[in-house]
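Here's structure_34.pdb, which has PDB, C-alpha atoms:
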ATOM      1  CA  MET A   1     -35.059  14.662 -25.112
ATOM      2  CA  GLN A   2     -36.544  11.321 -26.176
ATOM      3  CA  ARG A   3     -34.981  11.704 -29.624
ATOM      4  CA  GLN A   4     -31.558  12.401 -28.097
ATOM      5  CA  TYR A   5     -31.903   9.277 -25.970
ATOM      6  CA  LYS A   6     -32.723   7.177 -29.045
ATOM      7  CA  ASP A   7     -29.764   8.692 -30.904
ATOM      8  CA  TYR A   8     -27.508   7.757 -28.012
ATOM      9  CA  LEU A   9     -28.702   4.146 -28.017
ATOM     10  CA  SER A  10     -28.299   3.993 -31.784
ATOM     11  CA  SER A  11     -24.715   5.229 -31.638
ATOM     12  CA  PHE A  12     -23.923   2.786 -28.825
ATOM     13  CA  LYS A  13     -25.000  -0.141 -31.006
ATOM     14  CA  GLN A  14     -22.560   1.025 -33.655
ATOM     15  CA  TRP A  15     -19.721   1.765 -31.209
ATOM     16  CA  GLY A  16     -16.529   0.197 -32.507
ATOM     17  CA  GLN A  17     -15.382  -1.001 -29.071
ATOM     18  CA  LYS A  18     -18.704  -2.456 -27.967
ATOM     19  CA  GLN A  19     -17.734  -6.115 -28.554
ATOM     20  CA  HIS A  20     -14.661  -6.008 -26.332
ATOM     21  CA  ALA A  21     -15.604  -3.168 -23.944
ATOM     22  CA  LYS A  22     -15.914  -5.530 -20.948
ATOM     23  CA  LYS A  23     -12.336  -6.723 -21.485
ATOM     24  CA  TRP A  24     -10.549  -3.664 -22.796
ATOM     25  CA  LEU A  25     -10.906  -0.123 -24.089
ATOM     26  CA  LEU A  26      -8.304   1.711 -26.121
ATOM     27  CA  PHE A  27      -8.234   5.409 -27.022
ATOM     28  CA  ALA A  28      -4.930   5.793 -28.840
ATOM     29  CA  GLU A  29      -5.712   9.391 -29.775
ATOM     30  CA  ASN A  30      -5.243  10.364 -26.120
ATOM     31  CA  ILE A  31      -1.580   9.335 -25.983
ATOM     32  CA  GLY A  32       0.756  12.146 -24.943
ATOM     33  CA  GLU A  33       4.404  12.629 -23.992
ATOM     34  CA  HIS A  34       3.808  12.059 -20.280
ATOM     35  CA  ILE A  35       1.567   9.186 -19.207
ATOM     36  CA  SER A  36       0.894   6.926 -16.212
ATOM     37  CA  ILE A  37       0.146   3.225 -15.838
ATOM     38  CA  ASN A  38      -1.475   1.743 -12.732
ATOM     39  CA  GLU A  39      -3.410  -1.277 -11.598
ATOM     40  CA  THR A  40      -6.760  -0.509  -9.976
ATOM     41  CA  ALA A  41      -9.157  -2.769  -8.088
ATOM     42  CA  PHE A  42     -12.840  -2.029  -8.571
ATOM     43  CA  SER A  43     -15.512  -2.638  -5.923
ATOM     44  CA  ASN A  44     -16.195  -6.167  -7.183
ATOM     45  CA  GLY A  45     -12.530  -7.093  -6.744
ATOM     46  CA  ASP A  46     -11.603  -7.165 -10.442
ATOM     47  CA  LEU A  47      -8.173  -5.760 -11.275
ATOM     48  CA  TYR A  48      -7.703  -3.485 -14.262
ATOM     49  CA  THR A  49      -4.621  -1.964 -15.836
ATOM     50  CA  ILE A  50      -5.261   1.702 -16.586
ATOM     51  CA  VAL A  51      -3.119   3.972 -18.774
ATOM     52  CA  THR A  52      -3.750   7.717 -18.650
ATOM     53  CA  ASN A  53      -2.435  10.945 -20.130
ATOM     54  CA  LYS A  54      -1.090  13.057 -17.266
ATOM     55  CA  LYS A  55      -1.630  16.329 -19.115
ATOM     56  CA  ALA A  56      -5.403  15.805 -19.056
ATOM     57  CA  LYS A  57      -5.357  15.666 -15.233
ATOM     58  CA  GLY A  58      -8.225  13.194 -15.027
ATOM     59  CA  LYS A  59     -10.525  15.163 -17.320
ATOM     60  CA  LYS A  60     -11.609  14.652 -20.923
ATOM     61  CA  GLY A  61      -8.943  12.878 -22.971
ATOM     62  CA  ALA A  62      -7.216  11.366 -19.946
ATOM     63  CA  LEU A  63      -8.012   7.705 -20.577
ATOM     64  CA  ILE A  64      -5.702   5.940 -23.007
ATOM     65  CA  ALA A  65      -6.452   2.331 -22.115
ATOM     66  CA  MET A  66      -8.408   0.269 -19.585
ATOM     67  CA  ILE A  67      -7.624  -3.445 -19.701
ATOM     68  CA  LYS A  68      -9.075  -6.166 -17.499
ATOM     69  CA  GLY A  69      -6.331  -7.940 -15.559
ATOM     70  CA  THR A  70      -2.643  -7.207 -15.059
ATOM     71  CA  LYS A  71      -0.954 -10.009 -16.990
ATOM     72  CA  ALA A  72       1.844  -8.427 -18.971
ATOM     73  CA  GLU A  73       1.335 -10.429 -22.163
ATOM     74  CA  ILE A  74      -2.366  -9.507 -22.351
ATOM     75  CA  VAL A  75      -1.832  -5.808 -21.622
ATOM     76  CA  ILE A  76       1.067  -5.607 -24.099
ATOM     77  CA  LYS A  77      -1.026  -7.240 -26.812
ATOM     78  CA  ILE A  78      -3.775  -4.633 -26.384
ATOM     79  CA  LEU A  79      -1.453  -1.630 -26.161
ATOM     80  CA  GLN A  80       0.430  -2.749 -29.259
ATOM     81  CA  LYS A  81      -2.770  -2.345 -31.257
ATOM     82  CA  THR A  82      -1.753   1.326 -31.213
ATOM     83  CA  PRO A  83       0.662   2.231 -34.057
ATOM     84  CA  LEU A  84       4.315   2.211 -32.975
ATOM     85  CA  LYS A  85       4.695   5.797 -34.170
ATOM     86  CA  LEU A  86       2.150   6.933 -31.577
ATOM     87  CA  ARG A  87       3.642   4.799 -28.807
ATOM     88  CA  LYS A  88       7.096   6.230 -29.500
ATOM     89  CA  LYS A  89       5.602   9.637 -28.815
ATOM     90  CA  VAL A  90       5.667   8.839 -25.078
ATOM     91  CA  LYS A  91       8.766  10.346 -23.440
ATOM     92  CA  GLU A  92       8.038   9.506 -19.795
ATOM     93  CA  ILE A  93       5.774   7.057 -18.016
ATOM     94  CA  THR A  94       5.066   6.856 -14.300
ATOM     95  CA  LEU A  95       4.523   3.384 -12.843
ATOM     96  CA  ASP A  96       4.743   1.387  -9.631
ATOM     97  CA  MET A  97       7.486  -1.109  -8.758
ATOM     98  CA  ALA A  98       5.685  -4.257  -9.918
ATOM     99  CA  GLY A  99       7.761  -6.300 -12.355
ATOM    100  CA  ASN A 100       4.902  -6.761 -14.789
ATOM    101  CA  MET A 101       4.459  -3.001 -15.150
ATOM    102  CA  GLY A 102       8.104  -2.530 -16.076
ATOM    103  CA  LEU A 103       7.814  -5.210 -18.765
ATOM    104  CA  ILE A 104       4.599  -3.697 -20.143
ATOM    105  CA  VAL A 105       6.242  -0.286 -20.445
ATOM    106  CA  LYS A 106       9.414  -1.668 -22.010
ATOM    107  CA  LYS A 107       7.530  -3.581 -24.706
ATOM    108  CA  SER A 108       4.776  -1.037 -25.347
ATOM    109  CA  PHE A 109       6.514   2.333 -25.042
ATOM    110  CA  PRO A 110      10.132   1.744 -26.158
ATOM    111  CA  SER A 111      11.154   5.406 -26.146
ATOM    112  CA  ALA A 112       9.790   6.234 -22.691
ATOM    113  CA  THR A 113      11.815   6.844 -19.555
ATOM    114  CA  GLN A 114      10.384   4.902 -16.608
ATOM    115  CA  VAL A 115       9.727   6.914 -13.446
ATOM    116  CA  ILE A 116       8.741   5.051 -10.291
ATOM    117  CA  ASN A 117       5.787   6.610  -8.482
ATOM    118  CA  ARG A 118       7.243   8.252  -5.375
ATOM    119  CA  PHE A 119       4.350   7.080  -3.206
ATOM    120  CA  HIS A 120       5.383   3.463  -3.794
ATOM    121  CA  VAL A 121       8.977   4.271  -2.828
ATOM    122  CA  GLN A 122       7.793   6.061   0.317
ATOM    123  CA  LYS A 123       5.550   3.114   1.198
ATOM    124  CA  LEU A 124       8.436   0.646   0.983
ATOM    125  CA  ALA A 125      10.677   2.900   3.065
ATOM    126  CA  LEU A 126       8.008   3.294   5.765
ATOM    127  CA  GLU A 127       7.363  -0.450   5.845
ATOM    128  CA  ALA A 128      11.085  -1.121   6.312
ATOM    129  CA  LEU A 129      11.225   1.439   9.133
ATOM    130  CA  GLN A 130       8.255  -0.157  10.892
ATOM    131  CA  GLU A 131       9.879  -3.597  10.561
ATOM    132  CA  ILE A 132      12.871  -2.319  12.550
ATOM    133  CA  ARG A 133      10.562  -0.961  15.267
ATOM    134  CA  ILE A 134       8.563  -4.216  15.424
ATOM    135  CA  LYS A 135      11.757  -6.268  15.718
ATOM    136  CA  TYR A 136      12.871  -4.217  18.732
ATOM    137  CA  ARG A 137       9.404  -4.438  20.282
ATOM    138  CA  CYS A 138       9.415  -8.235  20.020
ATOM    139  CA  GLU A 139      12.841  -8.276  21.669
ATOM    140  CA  ALA A 140      11.560  -5.970  24.427
ATOM    141  CA  ILE A 141       8.531  -8.213  25.066
ATOM    142  CA  ASP A 142      10.751 -11.309  25.310
ATOM    143  CA  ALA A 143      13.210  -9.534  27.602
ATOM    144  CA  GLU A 144      10.403  -8.327  29.893
ATOM    145  CA  SER A 145       8.858 -11.805  30.063
ATOM    146  CA  ASP A 146      12.230 -13.304  30.975
ATOM    147  CA  ALA A 147      12.814 -10.628  33.643
ATOM    148  CA  ILE A 148       9.349 -11.218  35.176
ATOM    149  CA  GLU A 149       9.905 -14.967  35.221
ATOM    150  CA  LYS A 150      13.315 -14.531  36.828
ATOM    151  CA  ALA A 151      11.904 -12.207  39.491
ATOM    152  CA  GLN A 152       9.096 -14.649  40.296
ATOM    153  CA  SER A 153      11.544 -17.531  40.617
ATOM    154  CA  GLN A 154      13.392 -15.480  43.253
ATOM    155  CA  SER A 155      10.143 -14.415  44.977
ATOM    156  CA  LEU A 156      10.815 -10.822  43.985
ATOM    157  CA  LYS A 157       8.434  -8.201  42.648
ATOM    158  CA  TYR A 158       9.282  -7.103  39.130
ATOM    159  CA  LYS A 159       9.322  -3.338  38.691
ATOM    160  CA  LEU A 160       8.799  -1.888  35.233
ATOM    161  CA  LYS A 161      11.284   0.766  34.163
ATOM    162  CA  LEU A 162       9.717   4.058  33.126
ATOM    163  CA  PHE A 163      11.481   6.493  30.824
ATOM    164  CA  SER A 164      11.433  10.278  31.126
ATOM    165  CA  ASN A 165       8.248  10.554  29.050
ATOM    166  CA  GLY A 166       6.411   8.044  31.260
ATOM    167  CA  ASP A 167       6.517   5.103  28.815
ATOM    168  CA  THR A 168       7.736   1.608  29.495
ATOM    169  CA  LEU A 169       9.945   0.145  26.781
ATOM    170  CA  LYS A 170       7.038  -1.846  25.314
ATOM    171  CA  GLN A 171       4.806   1.246  25.310
ATOM    172  CA  LEU A 172       7.559   3.365  23.772
ATOM    173  CA  LEU A 173       8.028   0.960  20.870
ATOM    174  CA  ALA A 174       4.289   0.449  20.381
ATOM    175  CA  THR A 175       3.201   4.101  20.372
ATOM    176  CA  SER A 176       6.210   5.251  18.328
ATOM    177  CA  ARG A 177       4.501   3.651  15.362
ATOM    178  CA  TYR A 178       2.469   6.802  14.746
ATOM    179  CA  LEU A 179       5.261   9.358  14.922
ATOM    180  CA  LEU A 180       7.372   7.357  12.467
ATOM    181  CA  TYR A 181       4.649   7.843   9.847
ATOM    182  CA  LYS A 182       4.891  11.632  10.093
ATOM    183  CA  THR A 183       7.554  14.230   9.456
ATOM    184  CA  SER A 184       9.022  15.714  12.641
ATOM    185  CA  SER A 185       7.455  19.117  11.906
ATOM    186  CA  LYS A 186       4.015  17.542  12.475
ATOM    187  CA  TRP A 187       4.818  15.802  15.785
ATOM    188  CA  THR A 188       2.866  16.702  18.910
ATOM    189  CA  LYS A 189       4.675  17.631  22.144
ATOM    190  CA  ASN A 190       4.238  14.069  23.423
ATOM    191  CA  GLN A 191       5.605  12.654  20.176
ATOM    192  CA  ILE A 192       8.634  14.943  20.333
ATOM    193  CA  ASP A 193       9.396  13.706  23.867
ATOM    194  CA  ARG A 194       8.802  10.107  22.802
ATOM    195  CA  ALA A 195      11.044  10.448  19.743
ATOM    196  CA  LYS A 196      13.878  11.843  21.867
ATOM    197  CA  VAL A 197      13.819   8.770  24.131
ATOM    198  CA  LEU A 198      13.380   6.378  21.198
ATOM    199  CA  PHE A 199      16.287   7.783  19.207
ATOM    200  CA  GLU A 200      18.615   7.754  22.218
ATOM    201  CA  LEU A 201      17.906   4.042  22.673
ATOM    202  CA  TYR A 202      17.800   3.135  18.986
ATOM    203  CA  PRO A 203      19.972   5.447  16.864
ATOM    204  CA  ASP A 204      19.441   3.181  13.826
ATOM    205  CA  ILE A 205      15.733   4.039  13.891
ATOM    206  CA  GLU A 206      16.612   7.746  13.929
ATOM    207  CA  LYS A 207      18.978   7.204  10.997
ATOM    208  CA  ALA A 208      16.299   5.294   9.068
TER     209      ALA A 208
END
I need this file expressed as structure tokens, please.
Amino acid sequence: MQRQYKDYLSSFKQWGQKQHAKKWLLFAENIGEHISINETAFSNGDLYTIVTNKKAKGKKGALIAMIKGTKAEIVIKILQKTPLKLRKKVKEITLDMAGNMGLIVKKSFPSATQVINRFHVQKLALEALQEIRIKYRCEAIDAESDAIEKAQSQSLKYKLKLFSNGDTLKQLLATSRYLLYKTSSKWTKNQIDRAKVLFELYPDIEKA
């Protein structure tokens, strides 16, 4: 066991990537036809660009490159250390919607078709949907404040309107946040009732 440990240390000292391992690692032999490129933040906050072979499914041979930072010119420079013949082997690469990633792929893997990660597309769509809901909620809050102020100026008691599911308009738009993150098949009974009221009032939210 002690001998194996010494052998390991000895081989580490002779490791070809030792000098630059803190900044980048490159395993060109792991390149395949279908790969992915992502930026990942480690626990200390450092960002790394990571390129992987999808066929390996996270196991041995998956890592193609790990490069500190996400600046396109730096990542491209490292990836282009791999012979062009190998890089042209890549037919498809999955990436997010960041502009720097698109440039990296274009310059480094010229034969690859770019496929946007569906989770990023879904995230943008959900964020846009929530923006619509928030806009209506702000309008509802302003309208309620104006109505309360008007009632007080006339020495009247303001009565909140309740919908068939028991929500006020502010409550409806606040609690609808959760159902809009889920497919309708996963809604609870309360969420189904809430969605019915919401969509009757705001058909554009239903469409979105």
Exercise for the section: Compile the contact shell of Leu26 of chain A as a ChimeraX atom specification: residues with an atom at most 8 Å away, counting all atoms listed in the file, same-chain residues fewer than 3 positions apart removed. Expected result: /A:64-66,78-79
Keeping C-alpha atoms for every residue in the selection just given, could you write it to a file as a compact mmCIF listing (two decimals), in the frame of the given file?
# COMPACT_ATOMS: atom_id res chain seq x y z
CA ILE A 64 -5.70 5.94 -23.01
CA ALA A 65 -6.45 2.33 -22.12
CA MET A 66 -8.41 0.27 -19.58
CA ILE A 78 -3.78 -4.63 -26.38
CA LEU A 79 -1.45 -1.63 -26.16
Handout entry: Given all atoms listed in the file as the counted atoms, nearest of A:Gln154, A:Glu206, A:Lys159, A:Gly166 to Ser184 of chain A
Key =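 Closest candidate: A:Glu206.
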Handout entry: Top pick for closest residue to His34 of chain A, considering A:Thr113, A:Gln152, A:Gln171, A:Thr49 and counting only C-alpha atoms
Key =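 Smallest distance to His34 of chain A is found for A:Thr113.
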Problem - Distance criterion (all atoms listed in the file): nearest to Asp167 of chain A out of A:Glu200, A:Leu129, A:Asp193, A:Pro110 - result: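 Answer, going by the shortest atom-to-atom distance: A:Asp193.
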Around segment 180-185 of chain A, fit a box with edges along x, y and z, padding it by 8 Å on each side, then list its centre and edge lengths in Å to one decimal as JSON.
{"center_x": 6.8, "center_y": 13.2, "center_z": 11.0, "size_x": 20.4, "size_y": 27.8, "size_z": 19.2}
Problem - Spatial neighbours of Ser108 of chain A, max dist 10 Å, all atoms listed in the file, sep filter under 5 positions, as a PyMOL selection string - result: chain A and resi 75-82+84+87-88+90+102-103
Save out the residues we just selected, C-alpha atoms, as an mmCIF file, keeping the file's coordinate frame.
data_model
loop_
_atom_site.group_PDB
_atom_site.id
_atom_site.type_symbol
_atom_site.label_atom_id
_atom_site.label_comp_id
_atom_site.auth_asym_id
_atom_site.auth_seq_id
_atom_site.Cartn_x
_atom_site.Cartn_y
_atom_site.Cartn_z
ATOM 1 C CA VAL A 75 -1.832 -5.808 -21.622
ATOM 2 C CA ILE A 76 1.067 -5.607 -24.099
ATOM 3 C CA LYS A 77 -1.026 -7.240 -26.812
ATOM 4 C CA ILE A 78 -3.775 -4.633 -26.384
ATOM 5 C CA LEU A 79 -1.453 -1.630 -26.161
ATOM 6 C CA GLN A 80 0.430 -2.749 -29.259
ATOM 7 C CA LYS A 81 -2.770 -2.345 -31.257
ATOM 8 C CA THR A 82 -1.753 1.326 -31.213
ATOM 9 C CA LEU A 84 4.315 2.211 -32.975
ATOM 10 C CA ARG A 87 3.642 4.799 -28.807
ATOM 11 C CA LYS A 88 7.096 6.230 -29.500
ATOM 12 C CA VAL A 90 5.667 8.839 -25.078
ATOM 13 C CA GLY A 102 8.104 -2.530 -16.076
ATOM 14 C CA LEU A 103 7.814 -5.210 -18.765
#
Handout entry: Counting all atoms listed in the file, the residue of A:Leu201, A:Ile93, A:Lys189, A:Ala21 that sits nearest Ala140 of chain A
Key = A:Leu201
Handout entry: d(atom CA of Leu173 of chain A, atom CA of Leu160 of chain A) in Å
Key =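 Value for the atom CA of Leu173 of chain A-atom CA of Leu160 of chain A distance: 14.7 Å.
Residues surrounding segment 60-63 of chain A within 8 Å are Phe27, Asn30, Ile50, Val51, Thr52, Asn53, Lys54, Lys55 and Ala56 of chain A [all atoms listed in the file; sequence separation below 4 positions excluded].
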How about saving the chosen residues, C-alpha atoms kept, as a PDB file, keeping the file's coordinate frame?
ATOM      1  CA  PHE A  27      -8.234   5.409 -27.022  1.00  0.00           C
ATOM      2  CA  ASN A  30      -5.243  10.364 -26.120  1.00  0.00           C
ATOM      3  CA  ILE A  50      -5.261   1.702 -16.586  1.00  0.00           C
ATOM      4  CA  VAL A  51      -3.119   3.972 -18.774  1.00  0.00           C
ATOM      5  CA  THR A  52      -3.750   7.717 -18.650  1.00  0.00           C
ATOM      6  CA  ASN A  53      -2.435  10.945 -20.130  1.00  0.00           C
ATOM      7  CA  LYS A  54      -1.090  13.057 -17.266  1.00  0.00           C
ATOM      8  CA  LYS A  55      -1.630  16.329 -19.115  1.00  0.00           C
ATOM      9  CA  ALA A  56      -5.403  15.805 -19.056  1.00  0.00           C
TER      10      ALA A  56
END
Expansion of the PyMOL selection byres ((chain A and resi 22) around 12) into residues, as a CSV table (one decimal) with C-alpha atoms, in the coordinates of the input:
chain,number,residue,atom,x,y,z
A,17,GLN,CA,-15.4,-1.0,-29.1
A,18,LYS,CA,-18.7,-2.5,-28.0
A,19,GLN,CA,-17.7,-6.1,-28.6
A,20,HIS,CA,-14.7,-6.0,-26.3
A,21,ALA,CA,-15.6,-3.2,-23.9
A,23,LYS,CA,-12.3,-6.7,-21.5
A,24,TRP,CA,-10.5,-3.7,-22.8
A,25,LEU,CA,-10.9,-0.1,-24.1
A,26,LEU,CA,-8.3,1.7,-26.1
A,46,ASP,CA,-11.6,-7.2,-10.4
A,48,TYR,CA,-7.7,-3.5,-14.3
A,66,MET,CA,-8.4,0.3,-19.6
A,67,ILE,CA,-7.6,-3.4,-19.7
A,68,LYS,CA,-9.1,-6.2,-17.5
A,69,GLY,CA,-6.3,-7.9,-15.6
Practice task
Provide the atom CA of Lys161 of chain A to atom CA of Thr175 of chain A distance in Å, to one decimal place.
Solution key: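 Atom CA of Lys161 of chain A sits 16.3 Å away from atom CA of Thr175 of chain A.
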Handout entry: atom CA of Ala174 of chain A to atom CA of Lys135 of chain A, straight-line distance in Å
Key =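 About the pair atom CA of Lys135 of chain A and atom CA of Ala174 of chain A: they are 11.1 Å apart.
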Practice task
Evaluate the PyMOL selection byres ((chain A and resi 181) around 10) on the structure here and hand back the selected residues as a list in words.
Solution key: Lys123, Leu126, Glu127, Leu129, Gln130, Ser176, Arg177, Tyr178, Leu179, Leu180, Lys182, Thr183, Ser184 and Trp187 of chain A
For this structure, which residues satisfy the selection - the PyMOL selection byres ((chain A and resi 96) around 6) - when it is evaluated on the file as given? I want them as an mmCIF file with C-alpha atoms, in the frame of the given file.
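Done, and the output landed in result20.cif:
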data_model
loop_
_atom_site.group_PDB
_atom_site.id
_atom_site.type_symbol
_atom_site.label_atom_id
_atom_site.label_comp_id
_atom_site.auth_asym_id
_atom_site.auth_seq_id
_atom_site.Cartn_x
_atom_site.Cartn_y
_atom_site.Cartn_z
ATOM 1 C CA LEU A 95 4.523 3.384 -12.843
ATOM 2 C CA MET A 97 7.486 -1.109 -8.758
ATOM 3 C CA ALA A 98 5.685 -4.257 -9.918
ATOM 4 C CA ILE A 116 8.741 5.051 -10.291
ATOM 5 C CA ASN A 117 5.787 6.610 -8.482
#
Practice task
Would you please work out which residue, of A:Ile205, A:Leu162, A:Val197, A:Ala112, is nearest to Leu86 of chain A when using all atoms listed in the file?
Solution key: A:Ala112
Practice task
Find, counting all atoms listed in the file, the residue in A:Lys170, A:Lys85, A:Arg133, A:Lys196 that gets nearest to Gly32 of chain A.
Solution key: A:Lys85
